[in-house]
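Here is the structure we will look at, set down as structure tokens.
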Amino acid sequence: MGLPELIAHRGYALHYPDNTLVGIEAAIAVGARFIEVDVQLTADREPVLVHDRNLEPLCGISGQVHEFSLIRLQRLRAAEFGRFGYRYAQVRIPTLAELVALLCDKPQIGVFVEIKRIAIEHFGVEPVLARVLPMIEALRGHCVLISFSLETLLAARAHGWQPVGAVLDRWDERKGDLVRQIRPEYFFCDATGLPRHGMLHASPARLAVYEVADPDEAVDLGRRGVDMVETFAIGEMLSAFELLRERTQ
């Protein structure tokens, strides 16, 4: 059975706080071959792994990443108290450099690094790329730079980075002029933003869809042309896929 490949969306986020090293290591331990993380910049322009625009859900404190220096930010705890209580009270926000150190000797693990729009809005395209691209150079060959910001991807191309992935606000955005200039190797799209029926054509790019935690939905998306599925439930989805393969042998 041809099944889409699975991407651990912000690590093993069903059971661990978003974008934390403990969650990423757990995803790899259960068999994830692909990881997706989100990058923003601190006030002193240190790339860190944070998804939300506000730190409240992750750290229980109001404010945005770019308002904190790295030292101040790492005094906080990335515990997601609302979901996990005190279980991860000692976990902190990791830097991109720490992720690179974790993965640089694991070329079998593909990593998608998403530059968040809030970082671009606050610092600008070139300052963000100046901090991120040299850092992920050690992962070249198994790292894809992705973003909603098409201007950022175009600039990354100009700096010689490949591959890149365009995260689409709308499915029809893949046909836009700027996308044609970028020629991304990947498209990412929210499952809720896809056409309800029919084949999903993104060739020659690969199509990744998020957020999916239902194996049957993932299988159906694969039949429609989806190459990869992002999921918070990476362990559960991998187990379900393994059962499906066994049943069809």
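Every chain in the structure tokens has a letter given in the order shown (A, B, ...), and although residue numbers restart at 1 in each chain, ligands are simply numbered from 1 in the order shown.
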
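Within 6 Å of stretch 89-98 of chain A, once only C-alpha atoms are used and residues closer than 4 positions along the same chain are dropped, the contacting residues are Pro47, Val48, Leu49, Gln74, Arg77, Ala78 and Ala79 of chain A.
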
From the DSSP assignment of the backbone, select every residue of stretch 90-166 of chain A that is strand (DSSP E), and format the answer as a ChimeraX atom specification.
/A:110-115,143-147,164-166

As a compact mmCIF listing (two decimals) with N, CA and C atoms, in the first residue's frame, please: every residue in stretch 174-228 of chain A that DSSP puts in alpha helix (DSSP H).
# COMPACT_ATOMS: atom_id res chain seq x y z
N ASP A 177 2.58 34.18 -9.40
CA ASP A 177 3.83 34.56 -10.08
C ASP A 177 5.05 34.38 -9.19
N LEU A 178 4.94 34.77 -7.93
CA LEU A 178 6.09 34.67 -7.03
C LEU A 178 6.46 33.21 -6.78
N VAL A 179 5.45 32.36 -6.66
CA VAL A 179 5.72 30.93 -6.49
C VAL A 179 6.43 30.37 -7.71
N ARG A 180 6.03 30.81 -8.88
CA ARG A 180 6.69 30.34 -10.12
C ARG A 180 8.16 30.77 -10.14
N GLN A 181 8.45 31.96 -9.61
CA GLN A 181 9.84 32.40 -9.55
C GLN A 181 10.66 31.54 -8.57
N ILE A 182 10.05 31.18 -7.47
CA ILE A 182 10.75 30.40 -6.44
C ILE A 182 10.99 28.98 -6.90
N PRO A 215 -5.55 8.23 10.79
CA PRO A 215 -4.90 7.42 9.75
C PRO A 215 -5.73 7.29 8.48
N ASP A 216 -7.05 7.13 8.61
CA ASP A 216 -7.89 6.99 7.43
C ASP A 216 -7.86 8.26 6.58
N GLU A 217 -7.86 9.40 7.23
CA GLU A 217 -7.76 10.66 6.49
C GLU A 217 -6.43 10.75 5.76
N ALA A 218 -5.36 10.34 6.44
CA ALA A 218 -4.03 10.37 5.82
C ALA A 218 -3.97 9.45 4.62
N VAL A 219 -4.55 8.26 4.73
CA VAL A 219 -4.57 7.32 3.61
C VAL A 219 -5.34 7.92 2.43
N ASP A 220 -6.48 8.52 2.73
CA ASP A 220 -7.27 9.14 1.66
C ASP A 220 -6.51 10.27 0.99
N LEU A 221 -5.81 11.08 1.78
CA LEU A 221 -5.00 12.16 1.20
C LEU A 221 -3.90 11.59 0.32
N GLY A 222 -3.30 10.48 0.74
CA GLY A 222 -2.28 9.84 -0.08
C GLY A 222 -2.83 9.39 -1.41
N ARG A 223 -4.03 8.84 -1.39
CA ARG A 223 -4.65 8.42 -2.64
C ARG A 223 -4.94 9.59 -3.57

Between atom CA of A:Asp38 and atom CA of A:Val226, what is the distance, to one decimal in Å?
21.9 Å

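Proximity ranking of A:Met228, A:Val39, A:Ala119, A:Ile7 relative to A:Ile136 places A:Val39 first, based on only C-alpha atoms.
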
Find the residues around stretch 156-159 of chain A up to 8 Å (only C-alpha atoms counted), leave out those fewer than 4 positions away in its own chain, and share them as a PDB file with C-alpha atoms, in the first residue's frame.
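Result written to result_31.pdb:
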ATOM      1  CA  LEU A 129      18.252  34.854   6.823  1.00  0.00           C
ATOM      2  CA  THR A 152      11.880  35.043   2.281  1.00  0.00           C
ATOM      3  CA  VAL A 164      12.691  25.257  -0.026  1.00  0.00           C
ATOM      4  CA  ILE A 182      10.751  30.404  -6.444  1.00  0.00           C
TER       5      ILE A 182
END

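Take atom CA of A:Asp52 and atom CA of A:Glu114: the distance between them is 12.2 Å.
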
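Between A:Val229 and the residues A:Pro17, A:Val111, A:Ala138, A:Phe34, the shortest atom-to-atom distance, using only C-alpha atoms, involves A:Phe34.
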
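Coordinates place atom CA of A:Gln108 at a distance of 26.9 Å from atom CA of A:Arg224.
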
Surrounding residues of A:Thr192 excluding itself and chain neighbours under 4 positions, 12 Å, only C-alpha atoms, as a PDB file with C-alpha atoms, in the first residue's frame:
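Just written: around_35.pdb:
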ATOM      1  CA  LEU A 168       0.319  28.237   1.344  1.00  0.00           C
ATOM      2  CA  ASP A 169      -2.389  30.458   2.794  1.00  0.00           C
ATOM      3  CA  ARG A 170      -4.668  29.267  -0.026  1.00  0.00           C
ATOM      4  CA  TRP A 171      -4.489  26.213  -2.279  1.00  0.00           C
ATOM      5  CA  ARG A 196     -12.836  18.474  -0.833  1.00  0.00           C
ATOM      6  CA  VAL A 209      -0.509  18.547   4.386  1.00  0.00           C
ATOM      7  CA  TYR A 210      -1.101  19.455   8.045  1.00  0.00           C
ATOM      8  CA  GLU A 211      -2.558  18.805  10.668  1.00  0.00           C
ATOM      9  CA  VAL A 212      -3.742  15.172  10.426  1.00  0.00           C
ATOM     10  CA  GLU A 217      -7.761  10.663   6.490  1.00  0.00           C
ATOM     11  CA  LEU A 221      -5.004  12.161   1.202  1.00  0.00           C
TER      12      LEU A 221
END

Residues within 12 Å of stretch 99-103 of chain A, please, as a PyMOL selection string. Count only C-alpha atoms; anything in the same chain fewer than 6 positions from it doesn't count.
chain A and resi 10-11+19-25+28+33-39+47-49+93+109-113+132-143

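The residue that comes closest to A:Lys175, out of A:Tyr12, A:Phe187, A:Phe241, A:Phe81 and on the basis of only C-alpha atoms, is A:Phe187.
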
Spatial neighbours of A:Pro57, 8 Å, only C-alpha atoms, chain gap at least 2 places, as a PDB file with N, CA and C atoms, in the first residue's frame:
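Okay, this is what ended up in selection_23.pdb:
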ATOM      1  N   ASP A  52       4.023  29.940  18.326  1.00  0.00           N
ATOM      2  CA  ASP A  52       2.982  30.957  18.486  1.00  0.00           C
ATOM      3  C   ASP A  52       3.557  32.366  18.525  1.00  0.00           C
ATOM      4  N   ASN A  54       2.482  34.648  20.529  1.00  0.00           N
ATOM      5  CA  ASN A  54       2.536  35.035  21.935  1.00  0.00           C
ATOM      6  C   ASN A  54       3.038  33.862  22.758  1.00  0.00           C
ATOM      7  N   LEU A  55       3.811  34.144  23.783  1.00  0.00           N
ATOM      8  CA  LEU A  55       4.417  33.096  24.605  1.00  0.00           C
ATOM      9  C   LEU A  55       3.460  32.506  25.635  1.00  0.00           C
ATOM     10  N   CYS A  59       4.618  29.249  27.599  1.00  0.00           N
ATOM     11  CA  CYS A  59       5.365  29.603  28.811  1.00  0.00           C
ATOM     12  C   CYS A  59       4.515  30.209  29.920  1.00  0.00           C
ATOM     13  N   GLY A  60       3.243  30.483  29.615  1.00  0.00           N
ATOM     14  CA  GLY A  60       2.396  31.073  30.635  1.00  0.00           C
ATOM     15  C   GLY A  60       2.696  32.515  30.945  1.00  0.00           C
ATOM     16  N   ILE A  61       3.326  33.209  30.026  1.00  0.00           N
ATOM     17  CA  ILE A  61       3.643  34.617  30.205  1.00  0.00           C
ATOM     18  C   ILE A  61       3.334  35.358  28.912  1.00  0.00           C
ATOM     19  N   GLU A  80       4.020  24.291  28.630  1.00  0.00           N
ATOM     20  CA  GLU A  80       2.621  24.170  28.207  1.00  0.00           C
ATOM     21  C   GLU A  80       1.760  23.692  29.379  1.00  0.00           C
ATOM     22  N   PHE A  81       1.748  24.499  30.426  1.00  0.00           N
ATOM     23  CA  PHE A  81       1.081  24.127  31.671  1.00  0.00           C
ATOM     24  C   PHE A  81      -0.390  23.787  31.450  1.00  0.00           C
ATOM     25  N   GLY A  82      -1.041  24.482  30.532  1.00  0.00           N
ATOM     26  CA  GLY A  82      -2.457  24.230  30.276  1.00  0.00           C
ATOM     27  C   GLY A  82      -2.728  22.814  29.798  1.00  0.00           C
TER      28      GLY A  82
END

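Closest approach to A:His15 among A:Ile234, A:Tyr186, A:Gln64, A:Leu243 is made by A:Ile234 (distances from only C-alpha atoms).
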